[in-house]
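Visitor: Got model_13.cif for you, mmCIF, C-alpha atoms:
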```cif
data_target
#
loop_
_atom_site.label_atom_id
_atom_site.label_comp_id
_atom_site.auth_asym_id
_atom_site.auth_seq_id
_atom_site.Cartn_x
_atom_site.Cartn_y
_atom_site.Cartn_z
CA TRP Y 1 0.00 0.00 0.00
CA SER Y 2 2.96 2.36 -0.41
CA PRO Y 3 2.32 5.28 -2.79
CA GLY Y 4 4.76 3.89 -5.35
CA ILE Y 5 2.98 0.54 -5.53
CA VAL Y 6 -0.45 2.17 -5.69
CA LEU Y 7 0.62 4.48 -8.53
CA GLN Y 8 2.38 1.80 -10.56
CA PRO Y 9 -0.75 0.55 -12.45
CA ILE Y 10 -1.28 4.17 -13.56
CA VAL Y 11 2.30 5.14 -14.31
CA SER Y 12 3.38 2.05 -16.24
CA PRO Y 13 0.69 2.41 -18.98
CA LEU Y 14 1.50 6.13 -19.12
CA PHE Y 15 5.07 5.35 -20.15
CA VAL Y 16 3.82 2.98 -22.86
CA ARG Y 17 1.23 5.48 -24.11
CA GLN Y 18 3.66 8.38 -24.34
CA TYR Y 19 6.24 6.39 -26.26
CA SER Y 20 3.61 4.85 -28.56
CA LYS Y 21 2.14 8.28 -29.25
CA TYR Y 22 5.36 10.14 -30.08
CA ASN Y 23 7.83 7.31 -30.81
CA ASP Y 24 10.50 9.66 -29.49
CA PRO Y 25 13.14 8.60 -26.90
CA ALA Y 26 13.41 12.25 -25.77
CA VAL Y 27 9.74 12.26 -24.72
CA LEU Y 28 10.30 9.05 -22.78
CA ASN Y 29 13.37 10.55 -21.12
CA ASN Y 30 11.38 13.65 -20.10
CA LEU Y 31 8.72 11.48 -18.48
CA PHE Y 32 11.45 9.40 -16.80
CA GLN Y 33 13.00 12.57 -15.35
CA PHE Y 34 9.64 13.91 -14.17
CA TYR Y 35 8.78 10.63 -12.45
CA ASN Y 36 12.14 10.60 -10.67
CA LYS Y 37 11.64 14.21 -9.56
CA PHE Y 38 8.20 13.27 -8.27
CA LYS Y 39 9.69 10.40 -6.25
CA ALA Y 40 12.56 12.52 -4.93
CA PHE Y 41 10.17 15.28 -3.90
CA PHE Y 42 8.63 12.93 -1.32
CA ALA Y 43 11.53 10.55 -0.65
CA PHE Y 44 14.22 13.07 0.35
CA PRO Y 45 12.29 14.81 3.16
CA VAL Y 46 10.97 11.46 4.42
CA ILE Y 47 14.53 10.17 4.75
CA PHE Y 48 15.63 13.25 6.68
CA GLY Y 49 12.51 13.18 8.82
CA ILE Y 50 12.97 9.55 9.83
CA TRP Y 51 16.68 10.03 10.49
CA LEU Y 52 15.95 12.95 12.82
CA LEU Y 53 12.79 11.72 14.54
CA ALA Y 54 13.12 7.92 14.69
CA ASP Y 55 14.60 8.04 18.20
CA LYS Y 56 11.83 10.31 19.50
CA PHE Y 57 9.12 8.21 17.85
CA GLU Y 58 10.58 5.06 19.43
CA LEU Y 59 10.85 6.74 22.84
CA ILE Y 60 7.27 8.04 22.79
CA PHE Y 61 5.60 4.86 21.53
CA TYR Y 62 7.90 2.08 22.78
CA GLN Y 63 9.78 3.61 25.74
CA ASN Y 64 13.22 2.58 24.40
CA LYS Y 65 12.31 -1.12 24.08
CA PHE Y 66 13.58 -1.09 20.49
CA GLU Y 67 16.36 1.45 20.85
CA ALA Y 68 18.88 -0.97 19.35
CA ALA Y 69 16.90 -1.04 16.09
CA ILE Y 70 16.95 2.72 15.47
CA PHE Y 71 20.28 2.82 13.65
CA ALA Y 72 19.28 -0.20 11.57
CA LEU Y 73 16.10 1.64 10.58
CA LYS Y 74 18.15 4.67 9.52
CA ILE Y 75 20.18 2.40 7.24
CA LEU Y 76 17.10 0.70 5.80
CA VAL Y 77 15.13 3.85 4.96
CA PRO Y 78 17.42 5.16 2.17
CA SER Y 79 17.81 1.58 0.95
CA VAL Y 80 14.06 1.20 0.52
CA MET Y 81 13.90 4.60 -1.18
CA LEU Y 82 16.68 3.52 -3.55
CA GLN Y 83 14.63 0.48 -4.45
CA ALA Y 84 11.75 2.84 -5.27
CA PHE Y 85 13.97 4.64 -7.78
CA THR Y 86 14.34 1.42 -9.76
CA MET Y 87 10.64 1.57 -10.64
CA PRO Y 88 11.03 4.23 -13.38
CA ILE Y 89 13.75 2.07 -14.95
CA ARG Y 90 11.47 -0.96 -14.86
CA ASN Y 91 8.79 1.11 -16.58
CA ILE Y 92 11.22 1.69 -19.44
CA PHE Y 93 11.91 -2.05 -19.60
CA ASN Y 94 8.16 -2.48 -19.92
CA VAL Y 95 7.93 0.03 -22.79
CA PHE Y 96 10.51 -1.86 -24.84
CA GLU Y 97 9.16 -5.26 -23.74
CA LYS Y 98 12.41 -6.09 -21.95
CA ASN Y 99 10.85 -7.27 -18.70
CA GLU Y 100 13.29 -10.19 -18.54
CA LEU Y 101 16.01 -7.67 -17.63
CA SER Y 102 14.36 -7.15 -14.25
CA LEU Y 103 14.55 -10.88 -13.70
CA TYR Y 104 18.27 -10.81 -14.44
CA CYS Y 105 18.67 -8.16 -11.76
CA ASN Y 106 17.32 -10.60 -9.18
CA ILE Y 107 20.75 -12.27 -9.19
CA VAL Y 108 21.36 -9.75 -6.39
CA ILE Y 109 19.41 -12.11 -4.11
CA VAL Y 110 22.41 -14.46 -4.14
CA TYR Y 111 24.64 -11.64 -2.92
CA ARG Y 112 22.10 -10.62 -0.26
CA ILE Y 113 21.91 -14.15 1.18
CA CYS Y 114 25.69 -14.51 1.32
CA ALA Y 115 26.16 -11.02 2.78
CA SER Y 116 23.46 -11.69 5.37
CA PHE Y 117 25.15 -14.87 6.60
CA ILE Y 118 28.47 -13.07 6.98
CA LEU Y 119 27.34 -9.69 8.31
CA ILE Y 120 24.60 -10.88 10.69
CA LYS Y 121 27.11 -13.15 12.36
CA HIS Y 122 29.37 -10.18 13.15
CA PHE Y 123 26.97 -7.24 13.45
CA GLY Y 124 23.57 -8.72 14.31
CA ILE Y 125 20.58 -6.65 13.21
CA LEU Y 126 22.92 -3.99 11.78
CA GLY Y 127 24.47 -6.68 9.61
CA ALA Y 128 21.04 -7.47 8.18
CA ALA Y 129 20.54 -3.79 7.41
CA TYR Y 130 23.98 -3.51 5.79
CA ALA Y 131 23.30 -6.60 3.67
CA TYR Y 132 19.95 -5.27 2.50
CA GLY Y 133 21.25 -1.74 1.91
CA THR Y 134 24.25 -2.80 -0.18
CA SER Y 135 22.10 -5.26 -2.15
CA MET Y 136 19.66 -2.47 -3.03
CA LEU Y 137 22.57 -0.29 -4.17
CA LEU Y 138 23.79 -3.14 -6.38
CA TYR Y 139 20.24 -3.80 -7.59
CA PHE Y 140 19.83 -0.18 -8.68
CA PHE Y 141 23.26 -0.07 -10.35
CA ILE Y 142 22.52 -3.20 -12.44
CA HIS Y 143 19.19 -1.72 -13.54
CA LEU Y 144 20.96 1.48 -14.54
CA VAL Y 145 23.59 -0.36 -16.59
CA LEU Y 146 21.00 -2.47 -18.39
CA VAL Y 147 18.63 0.40 -19.22
CA LYS Y 148 21.44 2.42 -20.79
CA ARG Y 149 21.87 -0.38 -23.32
CA ILE Y 150 18.33 0.33 -24.50
CA ILE Y 151 17.95 4.10 -24.33
CA THR Y 152 19.90 7.19 -23.31
CA ILE Y 153 18.43 8.53 -20.09
CA GLY Y 154 19.44 11.20 -17.64
CA TYR Y 155 18.55 12.26 -14.13
CA PRO Y 156 17.35 15.78 -13.25
CA MET Y 157 20.34 16.55 -11.06
CA LYS Y 158 19.52 20.27 -10.79
CA SER Y 159 16.05 19.45 -9.47
CA PHE Y 160 17.51 16.80 -7.14
CA LEU Y 161 19.83 19.43 -5.67
CA LYS Y 162 16.92 21.85 -5.16
CA ILE Y 163 14.88 19.14 -3.43
CA LEU Y 164 17.90 18.29 -1.28
CA ALA Y 165 18.36 21.95 -0.34
CA ASN Y 166 14.67 22.29 0.58
CA SER Y 167 14.91 19.09 2.63
CA LEU Y 168 17.92 20.49 4.49
CA VAL Y 169 15.94 23.64 5.36
CA MET Y 170 13.23 21.39 6.76
CA ALA Y 171 15.82 19.32 8.63
CA LEU Y 172 17.29 22.42 10.30
CA LEU Y 173 13.86 23.45 11.58
CA VAL Y 174 13.17 19.93 12.84
CA MET Y 175 16.53 19.85 14.64
CA VAL Y 176 15.71 23.12 16.43
CA LEU Y 177 12.17 22.07 17.42
CA LYS Y 178 13.41 18.63 18.48
CA CYS Y 179 15.25 20.26 21.39
CA PHE Y 180 11.88 21.17 22.95
CA MET Y 181 10.11 17.90 22.21
CA GLY Y 182 10.97 15.68 25.17
CA ASN Y 183 8.70 12.64 25.07
CA SER Y 184 5.51 14.49 24.14
CA LEU Y 185 3.33 13.06 21.37
CA ALA Y 186 1.77 16.48 20.83
CA TRP Y 187 5.19 18.00 20.25
CA LEU Y 188 6.07 15.19 17.83
CA LEU Y 189 2.98 15.99 15.77
CA ILE Y 190 3.77 19.72 15.90
CA VAL Y 191 7.31 19.08 14.66
CA ILE Y 192 6.14 16.82 11.82
CA ILE Y 193 3.49 19.30 10.67
CA SER Y 194 5.89 22.24 10.98
CA GLY Y 195 8.55 20.36 9.02
CA ALA Y 196 6.08 19.51 6.25
CA LEU Y 197 4.88 23.14 6.04
CA ILE Y 198 8.38 24.62 5.89
CA TYR Y 199 9.34 22.05 3.25
CA MET Y 200 6.35 22.99 1.08
CA PHE Y 201 7.13 26.69 1.55
CA ALA Y 202 10.80 26.17 0.65
CA SER Y 203 9.72 24.17 -2.41
CA TYR Y 204 7.43 26.99 -3.46
CA ILE Y 205 10.32 29.46 -3.26
CA ASN Y 206 12.99 27.14 -4.64
CA LYS Y 207 10.90 25.28 -7.23
CA PRO Y 208 12.21 21.87 -8.33
CA PHE Y 209 9.52 21.64 -11.05
CA GLN Y 210 9.55 24.05 -13.98
CA LYS Y 211 6.03 23.08 -15.06
#
```
Could you take the file, read its structure, and then write that structure out as structure tokens?
Guide:
Amino acid sequence: WSPGIVLQPIVSPLFVRQYSKYNDPAVLNNLFQFYNKFKAFFAFPVIFGIWLLADKFELIFYQNKFEAAIFALKILVPSVMLQAFTMPIRNIFNVFEKNELSLYCNIVIVYRICASFILIKHFGILGAAYAYGTSMLLYFFIHLVLVKRIITIGYPMKSFLKILANSLVMALLVMVLKCFMGNSLAWLLIVIISGALIYMFASYINKPFQK
């Protein structure tokens, strides 16, 4: 039920329709860049928010019973987000009827199993997070190499930097408000809402989308 999964039945046919309509790789690349900007617009602030507030959330709801898992969560969050950024690449595979390439990428599972056996033995739950995180990085890299054999694509780095800057503005506000939070659920909600509002305001001033 994550937004990416819910949107996929809508987005995937959109990629096919746009390419079928214009038969132009540039149009497909523009849609690819827009979809990645759309994902980054939500993913970047979520990563910063979880990094900054995971400990307070755990304290308020679980009274430090799962304190040892906080750092592992911080490792897993960007890893999951990285996996989400493979979805636009898989949509391009779908356009060119190259879905078998995604299956080839699943060879990463072999690495993940081996890495898990080794790292969990030495680092426990952090080892599991490291194994998953590095496997997602490898998974994304293989997708990127394979898609560039089909079509020339690019990432909207300028927009990514703007989104990152806006997320950092939000993060600074959250860090300041976090000092007053204590273990109050009300304060946690205030900080989350304030962070979201300042992020939207910063994005309005420093627009990552041209149109």
Visitor: Please tabulate, as a Markdown table, the residues of region 114-185 of chain Y that come within 12 Å of region 37-61 of chain Y, each with its closest pair of atoms and the distance in Å to one decimal, counting all atoms listed in the file and ordering rows by chain, then residue number upward.
Guide:
```
| residue | atom | partner | partner_atom | distance |
| --- | --- | --- | --- | --- |
| Y:Gly154 | CA | Y:Lys37 | CA | 11.6 |
| Y:Tyr155 | CA | Y:Lys37 | CA | 8.5 |
| Y:Pro156 | CA | Y:Lys37 | CA | 7.0 |
| Y:Met157 | CA | Y:Lys37 | CA | 9.1 |
| Y:Lys158 | CA | Y:Lys37 | CA | 10.0 |
| Y:Ser159 | CA | Y:Lys37 | CA | 6.8 |
| Y:Phe160 | CA | Y:Lys37 | CA | 6.9 |
| Y:Leu161 | CA | Y:Ala40 | CA | 10.1 |
| Y:Lys162 | CA | Y:Phe41 | CA | 9.5 |
| Y:Ile163 | CA | Y:Phe41 | CA | 6.1 |
| Y:Leu164 | CA | Y:Phe44 | CA | 6.6 |
| Y:Ala165 | CA | Y:Phe44 | CA | 9.8 |
| Y:Asn166 | CA | Y:Pro45 | CA | 8.3 |
| Y:Ser167 | CA | Y:Pro45 | CA | 5.0 |
| Y:Leu168 | CA | Y:Phe48 | CA | 7.9 |
| Y:Val169 | CA | Y:Pro45 | CA | 9.8 |
| Y:Met170 | CA | Y:Pro45 | CA | 7.6 |
| Y:Ala171 | CA | Y:Phe48 | CA | 6.4 |
| Y:Leu172 | CA | Y:Leu52 | CA | 9.9 |
| Y:Leu173 | CA | Y:Gly49 | CA | 10.7 |
| Y:Val174 | CA | Y:Leu52 | CA | 7.5 |
| Y:Met175 | CA | Y:Leu52 | CA | 7.2 |
| Y:Val176 | CA | Y:Leu52 | CA | 10.8 |
| Y:Leu177 | CA | Y:Leu53 | CA | 10.8 |
| Y:Lys178 | CA | Y:Leu53 | CA | 8.0 |
| Y:Cys179 | CA | Y:Lys56 | CA | 10.7 |
| Y:Phe180 | CA | Y:Lys56 | CA | 11.4 |
| Y:Met181 | CA | Y:Lys56 | CA | 8.2 |
| Y:Gly182 | CA | Y:Lys56 | CA | 7.9 |
| Y:Asn183 | CA | Y:Ile60 | CA | 5.3 |
| Y:Ser184 | CA | Y:Ile60 | CA | 6.8 |
| Y:Leu185 | CA | Y:Ile60 | CA | 6.5 |
```
Visitor: Any chance you could resolve the PyMOL selection byres ((chain Y and resi 69) around 12) against this file and give the residues as a list in words?
Guide: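 In the shown coordinates, the PyMOL selection byres ((chain Y and resi 69) around 12) covers Ala54, Asp55, Glu58, Leu59, Tyr62, Asn64, Lys65, Phe66, Glu67, Ala68, Ile70, Phe71, Ala72, Leu73, Lys74, Ile75, Leu76, Gly124, Ile125, Leu126, Gly127, Ala128 and Ala129 of chain Y.
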Visitor: Give me, as a tab-separated table (two decimals) with C-alpha atoms, keeping the file's coordinate frame, all polymer residues having an atom no more than 8 Å from region 94-104 of chain Y, counting only C-alpha atoms and skipping those fewer than 5 positions away in the same chain.
Guide:
```tsv
chain	number	residue	atom	x	y	z
Y	12	SER	CA	3.38	2.05	-16.24
Y	15	PHE	CA	5.07	5.35	-20.15
Y	16	VAL	CA	3.82	2.98	-22.86
Y	19	TYR	CA	6.24	6.39	-26.26
Y	143	HIS	CA	19.19	-1.72	-13.54
Y	146	LEU	CA	21.00	-2.47	-18.39
```
Visitor: Closest to Phe209 (chain Y) among Y:Leu14, Y:Ala84, Y:Met136, Y:Phe34, using only C-alpha atoms?
Guide: Y:Phe34
Visitor: Could you please determine the separation between CA of Lys121 (chain Y) and CA of Thr86 (chain Y) in Å, to one decimal place?
Guide: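 Distance between the two atoms: 29.4 Å.
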Visitor: Would you compute the distance between CA of Asn29 (chain Y) and CA of Ile153 (chain Y)? Give it in Å to one decimal.
Guide: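 So the two atoms, CA of Asn29 (chain Y) and CA of Ile153 (chain Y), lie 5.5 Å apart.
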Visitor: Rounded to one decimal place, report the CA of Tyr139 (chain Y)-CA of Cys105 (chain Y) distance in Å.
Guide: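 Separation of CA of Tyr139 (chain Y) and CA of Cys105 (chain Y): 6.2 Å.
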